[in-house]
$ cat protein.pdb   # PDB, C-alpha atoms
ATOM      1  CA  MET Z   9       0.000   0.000   0.000
ATOM      2  CA  LEU Z  10       2.779   2.451   0.853
ATOM      3  CA  ASP Z  11       4.945   1.478  -2.131
ATOM      4  CA  ALA Z  12       4.104   3.914  -4.932
ATOM      5  CA  GLY Z  13       5.206   1.427  -7.581
ATOM      6  CA  SER Z  14       3.240  -1.555  -6.291
ATOM      7  CA  THR Z  15       0.090  -0.886  -8.312
ATOM      8  CA  ARG Z  16       2.136  -0.878 -11.530
ATOM      9  CA  VAL Z  17       2.904  -4.552 -10.937
ATOM     10  CA  GLN Z  18       0.360  -7.003 -12.290
ATOM     11  CA  PRO Z  19      -1.258  -8.851  -9.362
ATOM     12  CA  ARG Z  20      -1.744 -12.613  -9.348
ATOM     13  CA  ILE Z  21      -5.032 -14.457  -9.250
ATOM     14  CA  THR Z  22      -3.677 -16.426  -6.287
ATOM     15  CA  ASP Z  23      -3.836 -13.201  -4.262
ATOM     16  CA  LEU Z  24      -7.605 -13.795  -4.155
ATOM     17  CA  ARG Z  25      -7.379 -17.380  -2.962
ATOM     18  CA  GLN Z  26      -8.765 -17.896   0.507
ATOM     19  CA  CYS Z  27      -8.782 -21.052   2.647
ATOM     20  CA  THR Z  28     -11.489 -22.055   5.091
ATOM     21  CA  THR Z  29     -11.407 -25.020   7.427
ATOM     22  CA  GLY Z  30     -14.516 -27.020   6.607
ATOM     23  CA  GLY Z  31     -16.302 -29.610   8.700
ATOM     24  CA  ALA Z  32     -15.679 -28.038  12.096
ATOM     25  CA  ALA Z  33     -19.127 -28.970  13.407
ATOM     26  CA  ALA Z  34     -18.841 -32.437  11.939
ATOM     27  CA  ALA Z  35     -15.411 -32.814  13.508
ATOM     28  CA  SER Z  36     -16.756 -31.909  16.942
ATOM     29  CA  HIS Z  37     -19.610 -34.386  16.547
ATOM     30  CA  ALA Z  38     -17.213 -37.090  15.378
ATOM     31  CA  GLN Z  39     -14.916 -36.462  18.330
ATOM     32  CA  GLN Z  40     -17.807 -36.814  20.769
ATOM     33  CA  ALA Z  41     -18.878 -40.032  19.061
ATOM     34  CA  ALA Z  42     -15.330 -41.368  19.286
ATOM     35  CA  GLU Z  43     -15.137 -40.615  23.007
ATOM     36  CA  SER Z  44     -18.529 -42.216  23.730
ATOM     37  CA  SER Z  45     -17.590 -45.433  21.922
ATOM     38  CA  GLU Z  46     -13.962 -45.541  23.033
ATOM     39  CA  ALA Z  47     -14.498 -48.620  25.177
ATOM     40  CA  ASP Z  48     -15.804 -50.581  22.212
ATOM     41  CA  VAL Z  49     -12.805 -49.855  19.942
ATOM     42  CA  ALA Z  50      -9.607 -51.850  19.969
ATOM     43  CA  PRO Z  51      -6.520 -49.778  20.904
ATOM     44  CA  GLU Z  52      -4.878 -50.344  17.511
ATOM     45  CA  ASP Z  53      -7.994 -49.090  15.723
ATOM     46  CA  LYS Z  54      -8.280 -45.848  17.685
ATOM     47  CA  GLU Z  55      -7.887 -42.993  15.212
ATOM     48  CA  SER Z  56      -9.417 -39.605  15.685
ATOM     49  CA  PRO Z  57     -12.110 -39.201  13.030
ATOM     50  CA  ALA Z  58     -11.810 -35.480  13.622
ATOM     51  CA  ALA Z  59      -8.417 -35.449  11.893
ATOM     52  CA  ALA Z  60      -9.985 -36.481   8.605
ATOM     53  CA  THR Z  61     -12.770 -33.913   8.749
ATOM     54  CA  PHE Z  62     -10.646 -30.772   9.165
ATOM     55  CA  GLU Z  63     -10.042 -30.179   5.467
ATOM     56  CA  GLU Z  64      -9.159 -26.827   3.951
ATOM     57  CA  THR Z  65     -11.478 -25.583   1.249
ATOM     58  CA  VAL Z  66      -9.860 -23.150  -1.167
ATOM     59  CA  TYR Z  67     -12.086 -20.638  -2.933
ATOM     60  CA  ARG Z  68     -11.696 -17.336  -4.706
ATOM     61  CA  ALA Z  69     -12.614 -14.377  -2.527
ATOM     62  CA  GLU Z  70     -14.606 -11.558  -4.055
ATOM     63  CA  GLU Z  71     -11.973  -9.002  -3.141
ATOM     64  CA  CYS Z  72      -8.807  -8.369  -1.195
ATOM     65  CA  HIS Z  73      -9.057  -5.368   1.119
ATOM     66  CA  VAL Z  74      -6.333  -3.854   3.289
ATOM     67  CA  GLU Z  75      -6.626  -0.603   5.221
ATOM     68  CA  VAL Z  76      -4.060   1.429   7.141
ATOM     69  CA  THR Z  77      -4.340   4.563   9.253
ATOM     70  CA  LEU Z  78      -1.448   7.033   9.191
ATOM     71  CA  ILE Z  79      -1.018   9.275  12.230
ATOM     72  CA  ASP Z  80       1.520  11.808  13.544
ATOM     73  CA  LEU Z  81       2.064  13.147  10.049
ATOM     74  CA  ASP Z  82       4.691  15.781   9.400
ATOM     75  CA  PRO Z  83       2.975  19.119   8.532
ATOM     76  CA  GLU Z  84       4.299  19.071   4.964
ATOM     77  CA  VAL Z  85       3.083  15.505   4.431
ATOM     78  CA  GLN Z  86      -0.259  16.296   6.058
ATOM     79  CA  GLN Z  87      -0.863  18.978   3.431
ATOM     80  CA  LEU Z  88      -0.796  16.284   0.747
ATOM     81  CA  PHE Z  89      -3.982  14.808   2.217
ATOM     82  CA  ASP Z  90      -5.923  18.041   2.438
ATOM     83  CA  GLY Z  91      -9.612  17.183   2.120
ATOM     84  CA  PHE Z  92      -9.128  13.569   3.212
ATOM     85  CA  LEU Z  93      -8.015  14.051   6.831
ATOM     86  CA  GLU Z  94     -10.122  12.668   9.681
ATOM     87  CA  PRO Z  95     -10.002  13.383  13.432
ATOM     88  CA  GLN Z  96      -8.393  10.708  15.592
ATOM     89  CA  ASP Z  97      -9.915   8.986  18.551
ATOM     90  CA  LYS Z  98      -7.937   8.176  21.710
ATOM     91  CA  GLY Z  99      -6.566   5.014  20.105
ATOM     92  CA  GLY Z 100      -5.167   6.856  17.112
ATOM     93  CA  LEU Z 101      -7.796   5.551  14.681
ATOM     94  CA  ALA Z 102     -10.306   7.603  12.744
ATOM     95  CA  ALA Z 103     -13.062   8.743  15.101
ATOM     96  CA  THR Z 104     -16.421   7.128  14.354
ATOM     97  CA  GLY Z 105     -18.484   9.573  16.409
ATOM     98  CA  ASP Z 106     -18.032  13.136  17.538
ATOM     99  CA  ALA Z 107     -14.336  13.855  17.952
ATOM    100  CA  GLU Z 108     -12.880  15.994  20.693
ATOM    101  CA  PRO Z 109     -12.051  19.571  19.681
ATOM    102  CA  SER Z 110      -8.373  18.986  20.407
ATOM    103  CA  ALA Z 111      -8.205  15.760  18.399
ATOM    104  CA  LYS Z 112      -5.304  15.356  15.988
ATOM    105  CA  PHE Z 113      -5.853  14.363  12.380
ATOM    106  CA  CYS Z 114      -5.089  11.114  10.602
ATOM    107  CA  VAL Z 115      -5.617   9.749   7.112
ATOM    108  CA  ARG Z 116      -6.886   6.337   6.067
ATOM    109  CA  LEU Z 117      -5.645   4.564   2.943
ATOM    110  CA  ALA Z 118      -7.191   1.377   1.582
ATOM    111  CA  TYR Z 119      -6.010  -1.147  -1.011
ATOM    112  CA  ARG Z 120      -8.559  -3.025  -3.115
ATOM    113  CA  LEU Z 121      -7.988  -5.972  -5.444
ATOM    114  CA  THR Z 122     -10.900  -7.410  -7.445
ATOM    115  CA  TYR Z 123     -11.343  -9.930 -10.244
ATOM    116  CA  ASP Z 124     -13.663  -9.377 -13.218
ATOM    117  CA  SER Z 125     -14.672 -12.853 -14.366
ATOM    118  CA  ALA Z 126     -16.320 -11.529 -17.542
ATOM    119  CA  ALA Z 127     -13.174  -9.747 -18.703
ATOM    120  CA  ASP Z 128     -10.851 -12.236 -16.940
ATOM    121  CA  ALA Z 129      -8.915  -9.285 -15.514
ATOM    122  CA  LEU Z 130      -7.618  -8.178 -12.139
ATOM    123  CA  GLU Z 131      -7.841  -4.574 -10.949
ATOM    124  CA  HIS Z 132      -6.091  -3.077  -7.932
ATOM    125  CA  PHE Z 133      -5.656   0.433  -6.611
ATOM    126  CA  VAL Z 134      -5.306   2.511  -3.429
ATOM    127  CA  TYR Z 135      -8.095   4.887  -2.394
ATOM    128  CA  TYR Z 136      -9.369   7.137   0.407
ATOM    129  CA  PRO Z 137     -12.194   5.365   2.314
ATOM    130  CA  VAL Z 138     -13.477   8.649   3.748
ATOM    131  CA  LYS Z 139     -14.491   9.927   0.287
ATOM    132  CA  SER Z 140     -15.320   6.582  -1.354
ATOM    133  CA  SER Z 141     -18.356   4.338  -1.593
ATOM    134  CA  PRO Z 142     -17.369   0.761  -2.518
ATOM    135  CA  ALA Z 143     -21.018  -0.313  -2.573
ATOM    136  CA  SER Z 144     -21.738   2.083  -5.438
ATOM    137  CA  GLY Z 145     -18.348   1.688  -7.094
ATOM    138  CA  GLN Z 146     -17.202   5.241  -6.342
ATOM    139  CA  PHE Z 147     -13.565   5.544  -5.285
ATOM    140  CA  ALA Z 148     -11.348   8.550  -4.580
ATOM    141  CA  ARG Z 149      -8.011   7.111  -5.645
ATOM    142  CA  VAL Z 150      -4.700   8.092  -4.080
ATOM    143  CA  PRO Z 151      -2.321   9.452  -6.760
ATOM    144  CA  ALA Z 152       1.044   7.743  -7.070
ATOM    145  CA  ASP Z 153       2.772  11.105  -6.540
ATOM    146  CA  VAL Z 154       1.145  11.414  -3.119
ATOM    147  CA  ARG Z 155       2.205   7.906  -2.113
ATOM    148  CA  ARG Z 156       5.689   8.605  -3.429
ATOM    149  CA  ALA Z 157       5.931  11.699  -1.226
ATOM    150  CA  LEU Z 158       5.353   9.679   1.935
ATOM    151  CA  PRO Z 159       8.541   9.319   4.035
ATOM    152  CA  VAL Z 160       8.536   5.553   3.512
ATOM    153  CA  VAL Z 161      11.528   3.505   2.391
ATOM    154  CA  ILE Z 162      10.943  -0.110   1.431
ATOM    155  CA  LEU Z 163      13.912  -2.450   1.336
ATOM    156  CA  GLN Z 164      13.342  -4.793  -1.586
ATOM    157  CA  PRO Z 165      15.528  -7.288  -3.429
ATOM    158  CA  GLY Z 166      17.293  -5.632  -6.321
ATOM    159  CA  GLN Z 167      20.366  -3.728  -7.333
ATOM    160  CA  PRO Z 168      21.249  -0.592  -5.340
ATOM    161  CA  LEU Z 169      22.971   2.535  -6.699
ATOM    162  CA  GLN Z 170      20.584   2.698  -9.653
ATOM    163  CA  LEU Z 171      20.266   5.912 -11.664
ATOM    164  CA  ARG Z 172      17.099   4.898 -13.512
ATOM    165  CA  ALA Z 173      13.858   6.671 -12.641
ATOM    166  CA  GLU Z 174      12.721   4.219  -9.950
ATOM    167  CA  GLY Z 175      16.192   3.670  -8.452
ATOM    168  CA  GLY Z 176      17.073   4.536  -4.877
ATOM    169  CA  LEU Z 177      20.141   6.576  -5.816
ATOM    170  CA  ARG Z 178      18.079   8.508  -8.381
ATOM    171  CA  ARG Z 179      15.585   9.416  -5.655
ATOM    172  CA  ILE Z 180      18.402  10.586  -3.402
ATOM    173  CA  LEU Z 181      19.857  12.739  -6.190
ATOM    174  CA  SER Z 182      16.460  14.228  -7.016
ATOM    175  CA  ASP Z 183      15.785  15.073  -3.382
ATOM    176  CA  ARG Z 184      19.138  16.775  -2.934
ATOM    177  CA  ASP Z 185      19.510  18.784  -6.144
ATOM    178  CA  PRO Z 186      17.165  17.811  -8.993
ATOM    179  CA  THR Z 187      18.401  20.584 -11.319
ATOM    180  CA  GLU Z 188      22.060  19.655 -11.082
ATOM    181  CA  ALA Z 189      21.255  15.950 -11.258
ATOM    182  CA  LEU Z 190      19.351  16.432 -14.512
ATOM    183  CA  ALA Z 191      22.194  18.562 -15.894
ATOM    184  CA  ALA Z 192      24.695  15.807 -15.057
ATOM    185  CA  PHE Z 193      22.527  13.211 -16.812
ATOM    186  CA  GLU Z 194      22.214  15.407 -19.902
ATOM    187  CA  ARG Z 195      26.001  15.869 -20.018
ATOM    188  CA  LEU Z 196      26.337  12.099 -19.905
ATOM    189  CA  ALA Z 197      23.825  11.718 -22.751
ATOM    190  CA  ASP Z 198      25.702  14.294 -24.859
ATOM    191  CA  ALA Z 199      29.046  12.585 -24.230
ATOM    192  CA  VAL Z 200      27.656   9.143 -25.117
ATOM    193  CA  ALA Z 201      25.982  10.530 -28.251
ATOM    194  CA  ALA Z 202      29.262  12.108 -29.352
ATOM    195  CA  ALA Z 203      31.159   8.879 -28.684
ATOM    196  CA  THR Z 204      28.713   6.676 -30.579
ATOM    197  CA  SER Z 205      28.599   9.171 -33.445
ATOM    198  CA  ALA Z 206      32.389   9.056 -33.693
ATOM    199  CA  LEU Z 207      32.223   5.272 -33.655
ATOM    200  CA  GLY Z 208      29.999   5.347 -36.718
ATOM    201  CA  THR Z 209      32.621   7.271 -38.689
ATOM    202  CA  GLU Z 210      35.463   4.850 -37.990
ATOM    203  CA  ALA Z 211      36.794   3.451 -41.274
ATOM    204  CA  THR Z 212      36.562  -0.151 -40.151
ATOM    205  CA  VAL Z 213      32.930   0.339 -39.132
ATOM    206  CA  THR Z 214      31.849   2.147 -42.300
ATOM    207  CA  LYS Z 215      33.431  -0.542 -44.484
ATOM    208  CA  ALA Z 216      31.560  -3.260 -42.615
ATOM    209  CA  VAL Z 217      28.234  -1.390 -42.881
ATOM    210  CA  ASP Z 218      28.720  -0.788 -46.620
ATOM    211  CA  ALA Z 219      29.527  -4.468 -47.050
ATOM    212  CA  VAL Z 220      26.252  -5.396 -45.352
ATOM    213  CA  LEU Z 221      24.235  -3.007 -47.536
ATOM    214  CA  ASN Z 222      25.924  -4.151 -50.741
ATOM    215  CA  ALA Z 223      25.677  -7.865 -49.961
ATOM    216  CA  ALA Z 224      22.008  -7.990 -50.970
ATOM    217  CA  ALA Z 225      21.899  -4.789 -53.036
ATOM    218  CA  LEU Z 226      19.820  -3.065 -50.355
ATOM    219  CA  GLY Z 227      21.168   0.447 -50.809
ATOM    220  CA  GLY Z 228      18.369   1.686 -53.060
ATOM    221  CA  ARG Z 229      15.533  -0.310 -51.511
ATOM    222  CA  LEU Z 230      15.385   1.123 -48.009
ATOM    223  CA  GLY Z 231      14.624   4.807 -48.503
ATOM    224  CA  ASP Z 232      14.193   7.654 -50.951
ATOM    225  CA  PHE Z 233      17.862   7.626 -51.920
ATOM    226  CA  GLU Z 234      20.861   5.347 -52.053
ATOM    227  CA  THR Z 235      21.600   4.279 -48.464
ATOM    228  CA  THR Z 236      25.262   4.055 -47.499
ATOM    229  CA  SER Z 237      27.253   3.928 -44.277
ATOM    230  CA  GLU Z 238      26.996   7.734 -44.114
ATOM    231  CA  HIS Z 239      23.318   7.318 -43.256
ATOM    232  CA  VAL Z 240      23.926   4.772 -40.494
ATOM    233  CA  SER Z 241      24.752   5.884 -36.956
ATOM    234  CA  PHE Z 242      24.701   4.253 -33.540
ATOM    235  CA  ALA Z 243      22.974   5.114 -30.266
ATOM    236  CA  ALA Z 244      22.922   3.638 -26.767
ATOM    237  CA  GLU Z 245      19.673   1.665 -26.367
ATOM    238  CA  ASP Z 246      16.944   3.739 -28.074
ATOM    239  CA  GLY Z 247      18.876   6.971 -27.710
ATOM    240  CA  SER Z 248      16.729   8.291 -24.847
ATOM    241  CA  LEU Z 249      18.147   9.432 -21.526
ATOM    242  CA  SER Z 250      15.962   7.010 -19.544
ATOM    243  CA  ALA Z 251      17.197   4.044 -21.574
ATOM    244  CA  LEU Z 252      20.794   5.173 -21.147
ATOM    245  CA  LEU Z 253      20.420   5.435 -17.364
ATOM    246  CA  ARG Z 254      18.874   1.962 -17.230
ATOM    247  CA  ALA Z 255      21.949   0.606 -18.968
ATOM    248  CA  VAL Z 256      24.401   2.339 -16.605
ATOM    249  CA  GLN Z 257      25.252   0.005 -13.724
ATOM    250  CA  PRO Z 258      27.469   0.597 -10.672
ATOM    251  CA  ALA Z 259      30.978  -0.838 -10.521
ATOM    252  CA  LEU Z 260      33.257  -1.050  -7.483
ATOM    253  CA  ARG Z 261      36.960  -1.542  -6.805
ATOM    254  CA  LEU Z 262      37.211  -3.263  -3.412
ATOM    255  CA  ASP Z 263      40.464  -5.212  -3.719
ATOM    256  CA  GLY Z 264      43.277  -6.184  -6.054
ATOM    257  CA  ALA Z 265      40.839  -7.658  -8.573
ATOM    258  CA  GLY Z 266      40.184  -4.159  -9.888
ATOM    259  CA  THR Z 267      36.910  -2.527 -10.835
ATOM    260  CA  LEU Z 268      34.085  -5.029 -11.215
ATOM    261  CA  PRO Z 269      30.302  -4.682 -11.651
ATOM    262  CA  LEU Z 270      28.441  -4.622  -8.354
ATOM    263  CA  SER Z 271      26.720  -7.900  -9.239
ATOM    264  CA  SER Z 272      30.138  -9.600  -9.398
ATOM    265  CA  HIS Z 273      30.880  -8.751  -5.765
ATOM    266  CA  GLY Z 274      28.146 -11.002  -4.392
ATOM    267  CA  SER Z 275      24.772 -10.499  -2.767
ATOM    268  CA  SER Z 276      26.155  -9.316   0.585
ATOM    269  CA  VAL Z 277      27.767  -6.196  -0.888
ATOM    270  CA  ALA Z 278      24.574  -5.323  -2.768
ATOM    271  CA  ALA Z 279      22.517  -5.837   0.407
ATOM    272  CA  VAL Z 280      24.807  -3.503   2.369
ATOM    273  CA  PHE Z 281      24.401  -0.747  -0.215
ATOM    274  CA  SER Z 282      20.613  -1.271  -0.313
ATOM    275  CA  ALA Z 283      20.418  -0.840   3.456
ATOM    276  CA  ALA Z 284      22.688   2.229   3.302
ATOM    277  CA  GLU Z 285      20.396   3.842   0.708
ATOM    278  CA  ALA Z 286      17.389   3.155   2.931
ATOM    279  CA  ILE Z 287      19.122   4.643   5.983
ATOM    280  CA  LEU Z 288      19.915   7.842   4.098
ATOM    281  CA  GLN Z 289      16.390   8.180   2.680
ATOM    282  CA  ALA Z 290      14.832   7.515   6.085
ATOM    283  CA  GLN Z 291      16.613  10.451   7.728
ATOM    284  CA  VAL Z 292      13.601  12.729   7.335
ATOM    285  CA  PRO Z 293      10.950  13.656   9.939
ATOM    286  CA  GLY Z 294       8.801  10.596  10.563
ATOM    287  CA  GLY Z 295      10.768   8.425   8.154
ATOM    288  CA  VAL Z 296       9.606   4.792   8.056
ATOM    289  CA  VAL Z 297      11.689   1.809   6.925
ATOM    290  CA  LEU Z 298       9.906  -1.404   5.913
ATOM    291  CA  SER Z 299      11.734  -4.637   5.147
ATOM    292  CA  ASP Z 300      10.817  -8.277   4.786
ATOM    293  CA  ASP Z 301      13.396 -10.973   5.643
ATOM    294  CA  PHE Z 302      15.938  -8.351   6.658
ATOM    295  CA  GLY Z 303      19.477  -9.644   7.049
ATOM    296  CA  ASP Z 304      19.076 -12.816   5.004
ATOM    297  CA  GLN Z 305      21.895 -11.805   2.660
ATOM    298  CA  LEU Z 306      24.155 -10.276   5.305
ATOM    299  CA  ASP Z 307      26.783 -11.710   7.590
ATOM    300  CA  VAL Z 308      26.065 -11.656  11.332
ATOM    301  CA  PRO Z 309      27.980  -8.531  12.416
ATOM    302  CA  THR Z 310      26.842  -6.484   9.404
ATOM    303  CA  ALA Z 311      23.191  -7.465   9.887
ATOM    304  CA  GLU Z 312      23.259  -6.367  13.526
ATOM    305  CA  HIS Z 313      25.202  -3.201  12.689
ATOM    306  CA  LEU Z 314      22.796  -2.067   9.946
ATOM    307  CA  ALA Z 315      19.711  -2.963  11.986
ATOM    308  CA  GLY Z 316      21.065  -0.832  14.822
ATOM    309  CA  ILE Z 317      21.635   2.133  12.523
ATOM    310  CA  ILE Z 318      18.144   1.807  11.047
ATOM    311  CA  ARG Z 319      16.723   1.702  14.571
ATOM    312  CA  SER Z 320      18.517   4.904  15.560
ATOM    313  CA  LYS Z 321      18.017   6.882  12.345
ATOM    314  CA  ALA Z 322      14.465   6.028  11.248
ATOM    315  CA  GLY Z 323      11.305   7.414  12.789
ATOM    316  CA  GLN Z 324       9.865   3.893  12.617
ATOM    317  CA  ALA Z 325      11.372   0.581  11.562
ATOM    318  CA  TRP Z 326       9.328  -2.487  10.645
ATOM    319  CA  LEU Z 327      11.700  -5.384  10.032
ATOM    320  CA  SER Z 328      10.684  -9.010   9.728
ATOM    321  CA  THR Z 329      13.637 -11.344  10.076
ATOM    322  CA  ARG Z 330      14.779 -14.878  10.735
ATOM    323  CA  ARG Z 331      18.100 -13.672  12.133
ATOM    324  CA  PRO Z 332      18.579 -13.369  15.921
ATOM    325  CA  ASP Z 333      21.424 -10.888  15.373
ATOM    326  CA  VAL Z 334      18.946  -8.433  13.792
ATOM    327  CA  VAL Z 335      16.621  -8.751  16.790
ATOM    328  CA  ARG Z 336      19.572  -8.209  19.113
ATOM    329  CA  ALA Z 337      19.987  -4.700  17.683
ATOM    330  CA  PHE Z 338      16.590  -3.826  19.179
TER     331      PHE Z 338
END
$ encode --input "protein.pdb" --output "structure tokens"
Amino acid sequence: MLDAGSTRVQPRITDLRQCTTGGAAAASHAQQAAESSEADVAPEDKESPAAATFEETVYRAEECHVEVTLIDLDPEVQQLFDGFLEPQDKGGLAATGDAEPSAKFCVRLAYRLTYDSAADALEHFVYYPVKSSPASGQFARVPADVRRALPVVILQPGQPLQLRAEGGLRRILSDRDPTEALAAFERLADAVAAATSALGTEATVTKAVDAVLNAAALGGRLGDFETTSEHVSFAAEDGSLSALLRAVQPALRLDGAGTLPLSSHGSSVAAVFSAAEAILQAQVPGGVVLSDDFGDQLDVPTAEHLAGIIRSKAGQAWLSTRRPDVVRAF
């Protein structure tokens, strides 16, 4: 719900599978019958008939619904939800009756996933319950920009130090100095364009291109004039800045092996950088760090060290883990 990019990912139909334990009443009746006739059953034949009646029935739920209430919002963040704020009760939830005059404000967000059997399609989105009516199909959706502005950092598997639009390092650059960051990217694009253009004029390249065009007499069949190597140039990806930044990957020099791509240094190094990015992004008022299976790809001392830093730097930290060293940091 708090990940702005989550609704761009296609959900799975299994997200609407729900299990119920059937036969509970029958199991109770069978257990009572077994106890009443216990004296008449041989010891080797005594099996609990209840065990066979507790069977899980899997069916497709009509919808998946998740709701969260955000409280203690920073004033700047609270402005994003103008018109959708609700007074809090003493427990911090949205007040259902008359709120006290001094009550603070909160905002509720809800996630909805439904399946259209006629169109065989899944639909999911995040909306404001206070201004929505699910019964009539009216929903006030939460824009992705608003969710992206929340001080929430989600640690997910993937490569850190990414400059592409959805990368953690790109977000850090944009938060610090978006104008200079864009200027640096444009200088990179100009330099790459100049380099690839020069590559296209190399004699060995032009001869090879002309040989390809002449091999099947294609020169006069492709355009309005005779096509030669002078009309062929090269570009990184599709020539766009976004494609170029997707292709740029971090490389590190950590020892005598020299500079190697980050992926060649192993999962632990990537996990350390991912956690470091999250720590930096979480150093804002009310910053929240969310992570599932934290520490799985880290060694013991590093896992405890990073968990301790997250605990001290973030406004809130929600870490699920199988590692006792992570818990020890708390």
$ residues_around --input "protein.pdb" --residues "range 161-176 of chain Z" --least-positions-apart "4" --cutoff "9 Å" --atoms "all atoms listed in the file" --output "JSON, numbers by chain"
{"Z": [10, 11, 13, 180, 181, 250, 251, 252, 253, 254, 255, 256, 257, 258, 270, 271, 278, 279, 280, 281, 282, 283, 285, 286, 287, 289, 290, 295, 296, 297, 298, 299, 300, 302]}
$ residues_near_point --input "protein.pdb" --point "(-9.7, -5.0, -3.9)" --cutoff "10 Å" --atoms "all atoms listed in the file" --output "PyMOL selection string"
chain Z and resi 24+69-74+118-123+130-134+142
$ resolve_selection --input "protein.pdb" --expression "the PyMOL selection byres ((chain Z and resi 240) around 12)" --output "PDB file with C-alpha atoms, in the coordinates of the input"
ATOM      1  CA  THR Z 204      28.713   6.676 -30.579  1.00  0.00           C
ATOM      2  CA  SER Z 205      28.599   9.171 -33.445  1.00  0.00           C
ATOM      3  CA  ALA Z 206      32.389   9.056 -33.693  1.00  0.00           C
ATOM      4  CA  LEU Z 207      32.223   5.272 -33.655  1.00  0.00           C
ATOM      5  CA  GLY Z 208      29.999   5.347 -36.718  1.00  0.00           C
ATOM      6  CA  THR Z 209      32.621   7.271 -38.689  1.00  0.00           C
ATOM      7  CA  GLU Z 210      35.463   4.850 -37.990  1.00  0.00           C
ATOM      8  CA  VAL Z 213      32.930   0.339 -39.132  1.00  0.00           C
ATOM      9  CA  THR Z 214      31.849   2.147 -42.300  1.00  0.00           C
ATOM     10  CA  LYS Z 215      33.431  -0.542 -44.484  1.00  0.00           C
ATOM     11  CA  ALA Z 216      31.560  -3.260 -42.615  1.00  0.00           C
ATOM     12  CA  VAL Z 217      28.234  -1.390 -42.881  1.00  0.00           C
ATOM     13  CA  ASP Z 218      28.720  -0.788 -46.620  1.00  0.00           C
ATOM     14  CA  VAL Z 220      26.252  -5.396 -45.352  1.00  0.00           C
ATOM     15  CA  LEU Z 221      24.235  -3.007 -47.536  1.00  0.00           C
ATOM     16  CA  GLY Z 227      21.168   0.447 -50.809  1.00  0.00           C
ATOM     17  CA  LEU Z 230      15.385   1.123 -48.009  1.00  0.00           C
ATOM     18  CA  GLU Z 234      20.861   5.347 -52.053  1.00  0.00           C
ATOM     19  CA  THR Z 235      21.600   4.279 -48.464  1.00  0.00           C
ATOM     20  CA  THR Z 236      25.262   4.055 -47.499  1.00  0.00           C
ATOM     21  CA  SER Z 237      27.253   3.928 -44.277  1.00  0.00           C
ATOM     22  CA  GLU Z 238      26.996   7.734 -44.114  1.00  0.00           C
ATOM     23  CA  HIS Z 239      23.318   7.318 -43.256  1.00  0.00           C
ATOM     24  CA  SER Z 241      24.752   5.884 -36.956  1.00  0.00           C
ATOM     25  CA  PHE Z 242      24.701   4.253 -33.540  1.00  0.00           C
ATOM     26  CA  ALA Z 243      22.974   5.114 -30.266  1.00  0.00           C
TER      27      ALA Z 243
END
$ atom_distance --input "protein.pdb" --atom1 "CA of Ala12 in chain Z" --atom2 "CA of Ala322 in chain Z"
19.3 Å
$ closest_residue --input "protein.pdb" --among "Z:Ala265, Z:Gln291, Z:Val277, Z:Asp307" --to "Ser320 in chain Z" --atoms "only C-alpha atoms"
Z:Gln291
$ axis_aligned_box --input "protein.pdb" --around "range 307-320 of chain Z" --padding-each-side "6 Å" --output "JSON"
{"center_x": 22.4, "center_y": -3.4, "center_z": 11.6, "size_x": 23.3, "size_y": 28.6, "size_z": 20.0}
$ residues_around --input "protein.pdb" --residues "Pro269 in chain Z" --least-positions-apart "2" --cutoff "10 Å" --atoms "only C-alpha atoms" --output "PyMOL selection string"
chain Z and resi 257-261+267+271-274
$ residues_around --input "protein.pdb" --residues "Leu101 in chain Z" --least-positions-apart "6" --cutoff "10 Å" --atoms "only C-alpha atoms" --output "MDAnalysis selection string"
chainID Z and resid 76:79 94:95 113:116
$ atom_distance --input "protein.pdb" --atom1 "CA of Gly100 in chain Z" --atom2 "CA of Val154 in chain Z"
21.7 Å
$ closest_residue --input "protein.pdb" --among "Z:Gly323, Z:Ala157, Z:Asp263, Z:Arg20" --to "Asp128 in chain Z" --atoms "all atoms listed in the file"
Z:Arg20
